[in-house]
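**Q** Contents of work-v6.pdb (PDB, C-alpha atoms, pLDDT in the B column) are given next:
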```
MODEL        1
ATOM      1  CA  MET A   1      -4.371  -0.004 -48.632  1.00 50.00           C
ATOM      2  CA  ASP A   2      -2.176   1.559 -46.035  1.00 50.00           C
ATOM      3  CA  VAL A   3      -3.464   0.039 -42.836  1.00 53.00           C
ATOM      4  CA  GLN A   4      -1.186  -0.054 -39.866  1.00 58.00           C
ATOM      5  CA  GLN A   5      -1.580  -3.107 -37.845  1.00 63.00           C
ATOM      6  CA  SER A   6      -0.780  -2.762 -34.193  1.00 72.00           C
ATOM      7  CA  ASN A   7       0.919  -5.513 -32.319  1.00 73.00           C
ATOM      8  CA  PRO A   8      -1.410  -6.690 -29.513  1.00 72.00           C
ATOM      9  CA  PHE A   9       1.595  -7.956 -27.561  1.00 74.00           C
ATOM     10  CA  GLN A  10       3.446  -4.654 -27.552  1.00 72.00           C
ATOM     11  CA  PRO A  11       3.319  -2.743 -24.249  1.00 70.00           C
ATOM     12  CA  PRO A  12       1.511   0.560 -24.388  1.00 66.00           C
ATOM     13  CA  GLN A  13       3.598   3.640 -25.034  1.00 70.00           C
ATOM     14  CA  ALA A  14       3.510   5.942 -22.054  1.00 60.00           C
ATOM     15  CA  ASP A  15       5.784   8.403 -20.352  1.00 54.00           C
ATOM     16  CA  LEU A  16       6.537   6.794 -17.025  1.00 52.00           C
ATOM     17  CA  GLN A  17       9.192   9.265 -15.880  1.00 48.00           C
ATOM     18  CA  GLN A  18       6.968  10.990 -13.351  1.00 45.00           C
ATOM     19  CA  ALA A  19       5.225   7.864 -12.130  1.00 41.00           C
ATOM     20  CA  THR A  20       8.377   6.227 -10.849  1.00 41.00           C
ATOM     21  CA  THR A  21      10.912   7.478  -8.359  1.00 47.00           C
ATOM     22  CA  ASN A  22      14.226   6.034  -7.353  1.00 51.00           C
ATOM     23  CA  GLN A  23      13.734   7.098  -3.758  1.00 75.00           C
ATOM     24  CA  SER A  24      13.017   4.663  -0.973  1.00 90.00           C
ATOM     25  CA  PRO A  25      10.063   5.339   1.334  1.00 95.00           C
ATOM     26  CA  LEU A  26      10.787   7.510   4.369  1.00 95.00           C
ATOM     27  CA  TYR A  27       9.176   8.068   7.753  1.00 96.00           C
ATOM     28  CA  SER A  28       7.313  11.326   8.263  1.00 96.00           C
ATOM     29  CA  VAL A  29       7.911  13.700  11.174  1.00 96.00           C
ATOM     30  CA  ALA A  30       4.564  12.494  12.562  1.00 96.00           C
ATOM     31  CA  GLY A  31       5.877   8.925  12.433  1.00 96.00           C
ATOM     32  CA  VAL A  32       8.974   9.967  14.370  1.00 96.00           C
ATOM     33  CA  GLY A  33       6.747  11.657  16.949  1.00 95.00           C
ATOM     34  CA  LEU A  34       4.478   8.637  17.268  1.00 96.00           C
ATOM     35  CA  ALA A  35       7.396   6.244  17.698  1.00 96.00           C
ATOM     36  CA  THR A  36       8.912   8.567  20.298  1.00 95.00           C
ATOM     37  CA  PHE A  37       5.645   8.799  22.228  1.00 94.00           C
ATOM     38  CA  ILE A  38       5.188   5.025  22.318  1.00 95.00           C
ATOM     39  CA  GLY A  39       8.797   3.906  22.537  1.00 93.00           C
ATOM     40  CA  THR A  40      10.979   6.674  24.039  1.00 91.00           C
ATOM     41  CA  PRO A  41      13.402   8.861  22.067  1.00 94.00           C
ATOM     42  CA  LEU A  42      15.313   5.729  21.092  1.00 95.00           C
ATOM     43  CA  ALA A  43      12.480   4.631  18.792  1.00 96.00           C
ATOM     44  CA  GLY A  44      12.334   8.114  17.271  1.00 96.00           C
ATOM     45  CA  ALA A  45      16.097   7.982  16.743  1.00 96.00           C
ATOM     46  CA  TRP A  46      15.730   4.658  14.937  1.00 97.00           C
ATOM     47  CA  LEU A  47      13.350   6.239  12.426  1.00 97.00           C
ATOM     48  CA  LEU A  48      15.480   9.364  12.078  1.00 96.00           C
ATOM     49  CA  ALA A  49      18.560   7.223  11.470  1.00 96.00           C
ATOM     50  CA  HIS A  50      16.672   5.277   8.792  1.00 96.00           C
ATOM     51  CA  ASN A  51      15.692   8.479   7.014  1.00 95.00           C
ATOM     52  CA  LEU A  52      19.130  10.053   7.286  1.00 95.00           C
ATOM     53  CA  GLN A  53      20.796   6.959   5.852  1.00 94.00           C
ATOM     54  CA  LEU A  54      18.467   7.004   2.849  1.00 93.00           C
ATOM     55  CA  LEU A  55      18.866  10.751   2.385  1.00 92.00           C
ATOM     56  CA  GLY A  56      22.649  10.400   2.219  1.00 91.00           C
ATOM     57  CA  LYS A  57      23.240  12.094   5.569  1.00 93.00           C
ATOM     58  CA  ALA A  58      24.657   9.133   7.463  1.00 93.00           C
ATOM     59  CA  ASP A  59      27.229  11.408   9.097  1.00 94.00           C
ATOM     60  CA  ARG A  60      24.444  12.776  11.334  1.00 95.00           C
ATOM     61  CA  VAL A  61      23.242   9.399  12.635  1.00 95.00           C
ATOM     62  CA  ALA A  62      25.680   9.314  15.583  1.00 96.00           C
ATOM     63  CA  MET A  63      24.486  12.766  16.649  1.00 95.00           C
ATOM     64  CA  VAL A  64      20.852  11.606  16.519  1.00 96.00           C
ATOM     65  CA  TRP A  65      21.592   8.577  18.703  1.00 96.00           C
ATOM     66  CA  GLY A  66      23.617  10.677  21.134  1.00 96.00           C
ATOM     67  CA  ILE A  67      20.860  13.250  21.592  1.00 94.00           C
ATOM     68  CA  SER A  68      18.141  10.629  21.956  1.00 94.00           C
ATOM     69  CA  VAL A  69      20.128   8.667  24.555  1.00 94.00           C
ATOM     70  CA  PHE A  70      20.784  11.926  26.412  1.00 94.00           C
ATOM     71  CA  LEU A  71      17.043  12.732  26.425  1.00 91.00           C
ATOM     72  CA  LEU A  72      16.197   9.264  27.725  1.00 89.00           C
ATOM     73  CA  VAL A  73      18.863   9.319  30.448  1.00 91.00           C
ATOM     74  CA  VAL A  74      17.819  12.796  31.645  1.00 90.00           C
ATOM     75  CA  THR A  75      14.198  11.676  31.840  1.00 86.00           C
ATOM     76  CA  LEU A  76      15.054   8.468  33.699  1.00 84.00           C
ATOM     77  CA  VAL A  77      17.282  10.298  36.164  1.00 88.00           C
ATOM     78  CA  LEU A  78      14.541  12.854  36.827  1.00 87.00           C
ATOM     79  CA  ALA A  79      12.021  10.048  37.300  1.00 81.00           C
ATOM     80  CA  PHE A  80      14.169   8.472  40.006  1.00 83.00           C
ATOM     81  CA  VAL A  81      15.228  11.721  41.689  1.00 89.00           C
ATOM     82  CA  LEU A  82      11.965  13.630  41.808  1.00 87.00           C
ATOM     83  CA  PRO A  83       9.276  12.715  44.330  1.00 88.00           C
ATOM     84  CA  GLU A  84       6.479  10.395  43.258  1.00 86.00           C
ATOM     85  CA  GLU A  85       3.952  13.243  43.451  1.00 89.00           C
ATOM     86  CA  VAL A  86       5.515  14.866  40.387  1.00 86.00           C
ATOM     87  CA  PRO A  87       3.527  13.767  37.325  1.00 87.00           C
ATOM     88  CA  ALA A  88       5.404  11.936  34.579  1.00 80.00           C
ATOM     89  CA  MET A  89       3.366  13.289  31.657  1.00 84.00           C
ATOM     90  CA  PRO A  90       5.256  16.608  31.331  1.00 86.00           C
ATOM     91  CA  PHE A  91       8.488  14.665  30.850  1.00 84.00           C
ATOM     92  CA  ALA A  92       6.940  12.475  28.156  1.00 85.00           C
ATOM     93  CA  ILE A  93       5.600  15.574  26.386  1.00 90.00           C
ATOM     94  CA  ALA A  94       8.994  17.285  26.655  1.00 89.00           C
ATOM     95  CA  GLN A  95      10.698  14.252  25.065  1.00 89.00           C
ATOM     96  CA  LEU A  96       8.099  14.138  22.333  1.00 93.00           C
ATOM     97  CA  MET A  97       8.355  17.839  21.522  1.00 94.00           C
ATOM     98  CA  ALA A  98      12.158  17.718  21.562  1.00 93.00           C
ATOM     99  CA  MET A  99      12.276  14.818  19.104  1.00 94.00           C
ATOM    100  CA  ILE A 100       9.684  16.395  16.793  1.00 95.00           C
ATOM    101  CA  MET A 101      11.584  19.697  16.705  1.00 96.00           C
ATOM    102  CA  PHE A 102      14.839  17.795  16.207  1.00 94.00           C
ATOM    103  CA  ALA A 103      13.350  15.800  13.311  1.00 95.00           C
ATOM    104  CA  LYS A 104      11.993  18.961  11.701  1.00 96.00           C
ATOM    105  CA  SER A 105      15.316  20.745  11.975  1.00 95.00           C
ATOM    106  CA  LEU A 106      17.197  17.786  10.500  1.00 94.00           C
ATOM    107  CA  MET A 107      15.011  16.816   7.575  1.00 93.00           C
ATOM    108  CA  GLU A 108      11.856  18.880   7.064  1.00 93.00           C
ATOM    109  CA  ALA A 109      13.153  20.349   3.782  1.00 93.00           C
ATOM    110  CA  ASP A 110      14.272  16.915   2.583  1.00 94.00           C
ATOM    111  CA  LEU A 111      10.882  15.381   3.395  1.00 94.00           C
ATOM    112  CA  LYS A 112       9.118  18.179   1.536  1.00 94.00           C
ATOM    113  CA  GLN A 113      11.331  17.600  -1.495  1.00 93.00           C
ATOM    114  CA  HIS A 114      10.705  13.871  -1.219  1.00 93.00           C
ATOM    115  CA  ALA A 115       6.924  14.405  -1.194  1.00 93.00           C
ATOM    116  CA  GLU A 116       7.059  16.843  -4.139  1.00 93.00           C
ATOM    117  CA  ALA A 117       9.060  14.296  -6.143  1.00 91.00           C
ATOM    118  CA  GLY A 118       6.316  11.738  -5.560  1.00 91.00           C
ATOM    119  CA  GLY A 119       8.286   9.791  -2.957  1.00 91.00           C
ATOM    120  CA  ALA A 120       6.444   7.385  -0.712  1.00 93.00           C
ATOM    121  CA  PHE A 121       6.214   7.485   3.069  1.00 95.00           C
ATOM    122  CA  LEU A 122       6.174   4.524   5.390  1.00 95.00           C
ATOM    123  CA  SER A 123       3.070   3.925   7.463  1.00 95.00           C
ATOM    124  CA  ASN A 124       2.611   5.508  10.871  1.00 95.00           C
ATOM    125  CA  TRP A 125       1.365   2.082  11.981  1.00 96.00           C
ATOM    126  CA  ARG A 126       4.822   0.763  11.239  1.00 96.00           C
ATOM    127  CA  ALA A 127       6.322   3.624  13.257  1.00 96.00           C
ATOM    128  CA  ALA A 128       3.965   2.756  16.137  1.00 96.00           C
ATOM    129  CA  GLY A 129       5.048  -0.898  15.933  1.00 96.00           C
ATOM    130  CA  ILE A 130       8.702   0.109  16.118  1.00 96.00           C
ATOM    131  CA  GLY A 131       7.890   2.270  19.131  1.00 96.00           C
ATOM    132  CA  LEU A 132       6.155  -0.685  20.775  1.00 97.00           C
ATOM    133  CA  MET A 133       9.156  -2.925  20.115  1.00 96.00           C
ATOM    134  CA  PHE A 134      11.435  -0.396  21.813  1.00 95.00           C
ATOM    135  CA  THR A 135       9.072  -0.194  24.781  1.00 94.00           C
ATOM    136  CA  LEU A 136       9.053  -3.975  25.131  1.00 95.00           C
ATOM    137  CA  GLY A 137      12.842  -4.091  24.846  1.00 92.00           C
ATOM    138  CA  LEU A 138      13.340  -1.437  27.511  1.00 87.00           C
ATOM    139  CA  ALA A 139      10.813  -3.146  29.788  1.00 88.00           C
ATOM    140  CA  ALA A 140      12.693  -6.421  29.379  1.00 88.00           C
ATOM    141  CA  LEU A 141      15.945  -4.685  30.319  1.00 84.00           C
ATOM    142  CA  MET A 142      14.377  -3.032  33.352  1.00 79.00           C
ATOM    143  CA  PHE A 143      12.903  -6.283  34.632  1.00 82.00           C
ATOM    144  CA  ALA A 144      15.950  -8.408  33.768  1.00 77.00           C
ATOM    145  CA  GLU A 145      17.279  -7.797  37.264  1.00 68.00           C
ATOM    146  CA  ASN A 146      14.342  -9.764  38.675  1.00 69.00           C
ATOM    147  CA  VAL A 147      15.012 -12.644  36.312  1.00 69.00           C
ATOM    148  CA  PHE A 148      18.789 -12.826  36.721  1.00 68.00           C
ATOM    149  CA  PRO A 149      20.026 -12.595  40.330  1.00 68.00           C
ATOM    150  CA  PRO A 150      22.979 -10.277  40.934  1.00 70.00           C
ATOM    151  CA  LEU A 151      26.450 -11.766  41.029  1.00 71.00           C
ATOM    152  CA  PRO A 152      27.870 -12.531  44.461  1.00 75.00           C
ATOM    153  CA  SER A 153      30.126  -9.773  45.771  1.00 72.00           C
ATOM    154  CA  GLU A 154      32.816 -12.297  46.726  1.00 66.00           C
ATOM    155  CA  LEU A 155      34.141 -12.402  43.174  1.00 55.00           C
TER     156      LEU A 155
ENDMDL
END
```
Starting from the coordinates I provided, produce the structure as structure tokens.

**A**
Amino acid sequence: MDVQQSNPFQPPQADLQQATTNQSPLYSVAGVGLATFIGTPLAGAWLLAHNLQLLGKADRVAMVWGISVFLLVVTLVLAFVLPEEVPAMPFAIAQLMAMIMFAKSLMEADLKQHAEAGGAFLSNWRAAGIGLMFTLGLAALMFAENVFPPLPSEL
């Protein structure tokens, strides 16, 4: 009798090549936009920098931070210079659109490749939380002057 006995302790034979990827999860362009909307371009830059590091494009991270700081400074200067009657929403939308277009130009092809390879994406809730953390940090910096009195000018 030629009966093959299978080993019940042997793992099943399966081709797992397509089920696993070596790539780390990335943030989507929508996540970058959400973080930017909630937490200024700095939060969007944080997510872009994360993605660029994982995609092997760390040489572009300084450019991302520079552009996002420039966007934030321009918006803050305009907020202080323009009269109070000027609505703030167009500036927030302009920041948002700029960061979304910037993210698309930097990594849209890479994100598409990542998705086609079965790569995972980080949650937009996480992106929103990062945006909120940036908002809280900036608010703390803006109100720090009220907490810490200025130094005397006699020094």

**Q** Step by step: start from the point (15.5, 17.1, 12.1) in the file's coordinates, keep every protein, DNA or RNA residue that has an atom no farther than 12 Å from it, count all atoms listed in the file, and write the set as a PyMOL selection string.

**A** chain A and resi 27-30+32-33+44-45+47-49+51-52+57+60-61+63-64+67+97-111

**Q** Keeping only C-alpha atoms, write those residues as an mmCIF file, in the frame of the given file.

**A**
```cif
data_model
loop_
_atom_site.group_PDB
_atom_site.id
_atom_site.type_symbol
_atom_site.label_atom_id
_atom_site.label_comp_id
_atom_site.auth_asym_id
_atom_site.auth_seq_id
_atom_site.Cartn_x
_atom_site.Cartn_y
_atom_site.Cartn_z
ATOM 1 C CA TYR A 27 9.176 8.068 7.753
ATOM 2 C CA SER A 28 7.313 11.326 8.263
ATOM 3 C CA VAL A 29 7.911 13.700 11.174
ATOM 4 C CA ALA A 30 4.564 12.494 12.562
ATOM 5 C CA VAL A 32 8.974 9.967 14.370
ATOM 6 C CA GLY A 33 6.747 11.657 16.949
ATOM 7 C CA GLY A 44 12.334 8.114 17.271
ATOM 8 C CA ALA A 45 16.097 7.982 16.743
ATOM 9 C CA LEU A 47 13.350 6.239 12.426
ATOM 10 C CA LEU A 48 15.480 9.364 12.078
ATOM 11 C CA ALA A 49 18.560 7.223 11.470
ATOM 12 C CA ASN A 51 15.692 8.479 7.014
ATOM 13 C CA LEU A 52 19.130 10.053 7.286
ATOM 14 C CA LYS A 57 23.240 12.094 5.569
ATOM 15 C CA ARG A 60 24.444 12.776 11.334
ATOM 16 C CA VAL A 61 23.242 9.399 12.635
ATOM 17 C CA MET A 63 24.486 12.766 16.649
ATOM 18 C CA VAL A 64 20.852 11.606 16.519
ATOM 19 C CA ILE A 67 20.860 13.250 21.592
ATOM 20 C CA MET A 97 8.355 17.839 21.522
ATOM 21 C CA ALA A 98 12.158 17.718 21.562
ATOM 22 C CA MET A 99 12.276 14.818 19.104
ATOM 23 C CA ILE A 100 9.684 16.395 16.793
ATOM 24 C CA MET A 101 11.584 19.697 16.705
ATOM 25 C CA PHE A 102 14.839 17.795 16.207
ATOM 26 C CA ALA A 103 13.350 15.800 13.311
ATOM 27 C CA LYS A 104 11.993 18.961 11.701
ATOM 28 C CA SER A 105 15.316 20.745 11.975
ATOM 29 C CA LEU A 106 17.197 17.786 10.500
ATOM 30 C CA MET A 107 15.011 16.816 7.575
ATOM 31 C CA GLU A 108 11.856 18.880 7.064
ATOM 32 C CA ALA A 109 13.153 20.349 3.782
ATOM 33 C CA ASP A 110 14.272 16.915 2.583
ATOM 34 C CA LEU A 111 10.882 15.381 3.395
#
```

**Q** Once 4 Å is added on each side, what centre and edge lengths in Å to one decimal does the axis-aligned box around all listed atoms of region 87-95 of chain A have, as AutoDock Vina command-line options?

**A**
```
--center_x 7.0 --center_y 14.6 --center_z 31.2 --size_x 15.3 --size_y 13.3 --size_z 20.3
```

**Q** To one decimal in Å, tell me the separation between CA of Ala43 (chain A) and CA of Thr135 (chain A).

**A**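 According to the coordinates, CA of Ala43 (chain A) and CA of Thr135 (chain A) are separated by 8.4 Å.
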
**Q** When you count only C-alpha atoms, which of these residues is closest to Ala120 (chain A): A:Leu82, A:Leu26, A:Ser6, A:Leu42?

**A**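 The closest residue to Ala120 (chain A) is A:Leu26.
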
**Q** Quick one: residues within 10 Å of Met133 (chain A), all atoms listed in the file counted, chain neighbours fewer than 6 positions away excluded, as a PyMOL selection string?

**A** chain A and resi 35+38-39+43+127+139

**Q** Would you work out the distance separating CA of Gln53 (chain A) from CA of Trp65 (chain A), expressed in Å to one decimal?

**A**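 If I compute the distance from CA of Gln53 (chain A) to CA of Trp65 (chain A), I get 13.0 Å.
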
**Q** Using CA of Asp59 (chain A) and CA of Trp46 (chain A) as the two end points, give the distance in Å to one decimal.

**A**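 Atom-to-atom, CA of Asp59 (chain A) and CA of Trp46 (chain A) are spaced 14.6 Å apart.
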